[in-house]
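For reference, the structure discussed in these notes is given below.
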Amino acid sequence: MKLALLLFLVVATTIAAMAQPFKVARPLGLIEPDIPLDRPLTPELVDLGKKLFFDSSLSRTGTTSCATCHDPKFGYADPRPRSISDGGLIQDRNAPSLYNVGFLPSVMWDGRFRTLDDQVLDAFNDNGEMGRNVDDAVSALKSNPEYVALFRQVFNEDPTAENLAAAVASFERTLVAGNSPFDYYLFGENERALTSLETTGLEVFSTKGGCLNCHDVFHPKFNTLGGGLALFSDFRYHNLGVGYQWGRFRDPGRYEWSRDASEWGEFRTPFLRNLTLTAPYMHDGSMATLDEVVDFYNRGGNPNPNLSPSVHPLYLTSSEKAALVAFLKSLTSPEAETVAHDAGTLIRPWYQKATKSNK
Ligand code: HEC
Ligand code: HEC
């Protein structure tokens with residue numbers, strides 16, 4: 001009898017000590033994120049990735065971490081129009097929010113990387129965001145006993161470039177955002193979750209404004225494919241003319257590496273969640289407010305030889321424009337607001353509304 005009890009205790013504690021799967025929350029508006037089969041999330045792996053993400057000692061000068069430019073206070077985006085690398089180089093582009101990056105089929109404004117891991121490896125090069133090549137970053141990790149112990153616990157080996165990338169990417173996959181007032185309205189079928197101004201804005205977004213053509217929502221109401229996923233992107237590349245001046249693009253976008261003239265000035269359709277936290281907007285951070293963005297679309301983007309045929313003057317009235325802006329603000333997740341608040345940003349009035357109307 002005693003032996004059976006002892007055996008039971010041994011088995012039970014062994015099971016408890018084994019890695020438990022990490023469950024990514026599935027908020028309203030999203031499906032399960034794609035987690036690589038050969039690398040299931042565990043709490044230890046995600047914690048290690050998080051620690052690395054926030055650790056500025058990985059950079060050359062010791063002052064830059066991923067979070068310097070992807071700041072949780074600002075929805076894991078950068079309030080500076082263009083980020084500055086650890087080496088002091090002004091980056092070409094605005095750092096996008098990292099919420100829902102686990103759903104991306106390709107990474108960066110121009111989609112030049114296949115996977116999140118590839119992006120991490122690229123951030124570590126002498127001219128890259130972290131100002132230091134990955135071998136030096138890995139040597140620094142190897143000389144830090146705390147990290148060596150953590151990598152051994154998670155990967156059964158010492159730090160390597162691949163493991164560093166795998167851990168950071170795994171943390172990124174846990175950054176999901178849904179549950180916004182819009183999600184409660186559409187997926188939760190709670191008509192009171194949006195104000196009448198916001199529902200008018202949704203109407204403009206999906207009809208007269210033509211926004212849904214590119215900022216796609218998979219729901220039977222809007223898309224014949226149906227489904228329950230609202231990421232507000234078609235994952236395709238379009239030219240709106242942002243940054244076009246004096247007959248040229250400062251940043252040729254996807255053309256820069258595809259060398260396909262039809263992709264000149266094209267950038268990937270960005271997600272539209274948490275916009276209230278992630279200003280400024282567009283690949284070059286050139287628009288400070290959502291009113292500016294809506295005015296830009298209303299006048300038909302910035303005409304240039306490769307302008308997308310879906311971008312043309314919209315003739316919206318001022319009340320339609322105001323409704324559209326109100327709708328865009330309803331795409332903020334209370335969870336993202338809480339993370340921003342805990343990291344030091346003041347909670348905005350619409351956060352209060354989002355939580356109240358959903359009860
Ligand atoms: C110096 C500022 C800076 C630092 C540090 C930085 N990033 Fe970025 N990040 C950017 C900018 C700017 C872009 C957009 C670049 C582009 O599209 O060409 C970007 C893009 C990304 C993207 C693509 C998102 C999308 O929507 O396609 C991911 C993912 C990402 N960064 C993760 C990281 C991780 C992980 C780290 C740390 C290893 C990191 N970044 C460090 C500025 C930074
Ligand atoms: C032809 C496809 C297309 C249409 C139509 C479209 N968008 Fe966009 N949207 C994009 C692309 C591509 C970008 C990024 C462009 C860039 O930075 O050069 C973008 C950027 C944005 C941004 C900035 C997001 C950020 O994080 O920086 C907002 C906000 C936005 N669009 C809202 C709208 C609204 C509102 C409408 C309807 C009036 C609309 N879009 C119509 C493709 C489109």
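Convention: chains lettered A, B, ... in structure tokens order; per-chain residue numbering from 1; ligands numbered from 1 as shown.
Taking only C-alpha atoms, the non-local environment of A:Ala336 within 10 Å (same-chain residues fewer than 2 positions away omitted) comprises A:Pro72, A:Lys73, A:Phe74, A:Gly75, A:Tyr76, A:Tyr99, A:Leu175, A:Val176, A:Ala177, A:Gly178, A:Asn179, A:Ser180, A:Arg273, A:Asn274, A:Leu277, A:Thr332, A:Ser333, A:Pro334, A:Thr338, A:Val339, A:Ala340, A:His341, A:Asp342, A:Tyr351.
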Hey, which residues sit close to ligand 1? Say within 6 Å, counting only C-alpha atoms and all ligand atoms, and write them as a PyMOL selection string. chain A and resi 53+64-66+68-69+83-85+91+93-96+98+107-110+116+120+123+129-130+168
So which one's closest to A:Asp284, A:Gly209, A:Gly131, A:Gly253, A:Gly49? Using only C-alpha atoms, please.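 When distances to A:Asp284 are compared using only C-alpha atoms, the smallest one comes from A:Gly253.
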Polymer residues at most 12 Å from A:Glu292, only C-alpha atoms, same-chain spacing of 2 or more positions, as a PyMOL selection string: chain A and resi 279-282+285-290+294-299+301+321-322+324-325
Using only C-alpha atoms, find the one residue out of A:Ser308, A:Thr61, A:Pro33, A:Val134 that sits nearest to A:Ala165. A:Val134
Please identify the residues whose atoms come within 6 Å of ligand 2, using only C-alpha atoms and all ligand atoms, and report them as a list in words.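 Listing the residues within 6 Å of ligand 2 gives Phe205, Gly209, Gly210, Cys211, Asn213, Cys214, Tyr237, His238, Leu240, Val242, Phe267, Arg268, Thr269, Pro270, Leu272, Tyr281, Met282, His283, Val293, Val294, Tyr297, Ser308, Ser310 and Val311 of chain A.
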Create the file for the chosen residues now, containing N, CA, C and O atoms and written as a compact mmCIF listing (two decimals), in the first residue's frame.
# COMPACT_ATOMS: atom_id res chain seq x y z
N PHE A 205 -16.30 51.88 -43.98
CA PHE A 205 -15.11 51.03 -44.16
C PHE A 205 -15.38 49.92 -45.18
O PHE A 205 -14.54 49.61 -46.01
N GLY A 209 -15.96 53.49 -48.59
CA GLY A 209 -14.52 53.73 -48.41
C GLY A 209 -13.67 52.69 -49.13
O GLY A 209 -12.48 52.92 -49.39
N GLY A 210 -14.23 51.50 -49.39
CA GLY A 210 -13.49 50.43 -50.07
C GLY A 210 -12.30 49.90 -49.28
O GLY A 210 -11.44 49.21 -49.81
N CYS A 211 -12.26 50.19 -47.99
CA CYS A 211 -11.11 49.79 -47.17
C CYS A 211 -10.98 48.27 -47.08
O CYS A 211 -9.88 47.71 -47.07
N ASN A 213 -11.45 46.08 -49.20
CA ASN A 213 -10.83 45.44 -50.36
C ASN A 213 -9.42 44.96 -50.04
O ASN A 213 -8.96 43.96 -50.59
N CYS A 214 -8.73 45.70 -49.21
CA CYS A 214 -7.36 45.32 -48.86
C CYS A 214 -7.26 44.93 -47.38
O CYS A 214 -6.58 43.97 -47.03
N TYR A 237 0.59 43.26 -51.48
CA TYR A 237 1.39 44.48 -51.53
C TYR A 237 0.71 45.47 -52.46
O TYR A 237 0.27 45.10 -53.54
N HIS A 238 0.60 46.72 -52.01
CA HIS A 238 -0.09 47.73 -52.79
C HIS A 238 0.68 49.04 -52.76
O HIS A 238 1.41 49.32 -51.80
N LEU A 240 0.17 52.94 -52.53
CA LEU A 240 -0.74 54.05 -52.23
C LEU A 240 -0.08 55.37 -52.55
O LEU A 240 -0.70 56.42 -52.43
N VAL A 242 2.48 56.53 -50.76
CA VAL A 242 3.09 57.10 -49.55
C VAL A 242 4.59 57.27 -49.80
O VAL A 242 5.26 56.32 -50.22
N PHE A 267 3.87 48.17 -50.55
CA PHE A 267 4.11 47.68 -49.19
C PHE A 267 2.96 46.77 -48.78
O PHE A 267 1.86 46.87 -49.33
N ARG A 268 3.24 45.90 -47.81
CA ARG A 268 2.18 44.96 -47.38
C ARG A 268 1.07 45.71 -46.65
O ARG A 268 1.33 46.60 -45.85
N THR A 269 -0.17 45.29 -46.91
CA THR A 269 -1.31 45.85 -46.18
C THR A 269 -1.12 45.57 -44.70
O THR A 269 -1.10 44.41 -44.29
N PRO A 270 -0.97 46.62 -43.86
CA PRO A 270 -0.75 46.36 -42.43
C PRO A 270 -2.05 46.00 -41.71
O PRO A 270 -3.14 46.33 -42.18
N LEU A 272 -4.77 46.49 -38.77
CA LEU A 272 -5.26 47.79 -38.27
C LEU A 272 -5.62 47.74 -36.79
O LEU A 272 -6.33 48.61 -36.30
N TYR A 281 1.69 56.54 -38.44
CA TYR A 281 1.24 55.49 -39.36
C TYR A 281 1.99 55.49 -40.68
O TYR A 281 2.62 56.45 -41.04
N MET A 282 1.83 54.40 -41.39
CA MET A 282 2.42 54.12 -42.70
C MET A 282 3.88 53.67 -42.58
O MET A 282 4.50 53.83 -41.54
N HIS A 283 4.42 53.10 -43.67
CA HIS A 283 5.74 52.47 -43.60
C HIS A 283 6.83 53.46 -43.19
O HIS A 283 7.86 53.06 -42.65
N VAL A 293 -4.71 60.07 -42.01
CA VAL A 293 -4.78 58.86 -42.86
C VAL A 293 -6.07 58.88 -43.68
O VAL A 293 -6.05 58.66 -44.89
N VAL A 294 -7.18 59.18 -43.01
CA VAL A 294 -8.47 59.15 -43.70
C VAL A 294 -8.53 60.26 -44.77
O VAL A 294 -9.02 60.03 -45.88
N TYR A 297 -6.63 58.98 -47.86
CA TYR A 297 -7.43 58.06 -48.70
C TYR A 297 -8.54 58.82 -49.42
O TYR A 297 -8.84 58.53 -50.57
N SER A 308 -2.15 51.96 -56.97
CA SER A 308 -3.13 50.86 -57.01
C SER A 308 -4.46 51.36 -57.56
O SER A 308 -4.94 52.43 -57.18
N SER A 310 -7.24 50.43 -56.78
CA SER A 310 -8.24 50.48 -55.71
C SER A 310 -8.16 51.77 -54.89
O SER A 310 -8.93 51.94 -53.95
N VAL A 311 -7.19 52.63 -55.21
CA VAL A 311 -7.05 53.88 -54.46
C VAL A 311 -7.45 55.03 -55.38
O VAL A 311 -6.83 55.24 -56.42
Grab the atom CA of A:Asn304 to atom CA of A:Ser262 distance for me, in Å with one decimal place.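 One can read the atom CA of A:Asn304 to atom CA of A:Ser262 distance as 12.5 Å.
Across A:Pro220, A:Asp117, A:Glu172, A:Leu328, the tightest approach to A:Phe187 is made by A:Pro220 when counting only C-alpha atoms.
The two atoms in question, atom CA of A:Asp92 and atom CA of A:Asp251, are spaced 7.4 Å apart.
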Ranking A:Gly201, A:Gly265, A:Gly300, A:Gly228 by minimum distance to A:Glu320 and counting only C-alpha atoms, which one comes first?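 Ranked by minimum distance to A:Glu320, first place goes to A:Gly201.
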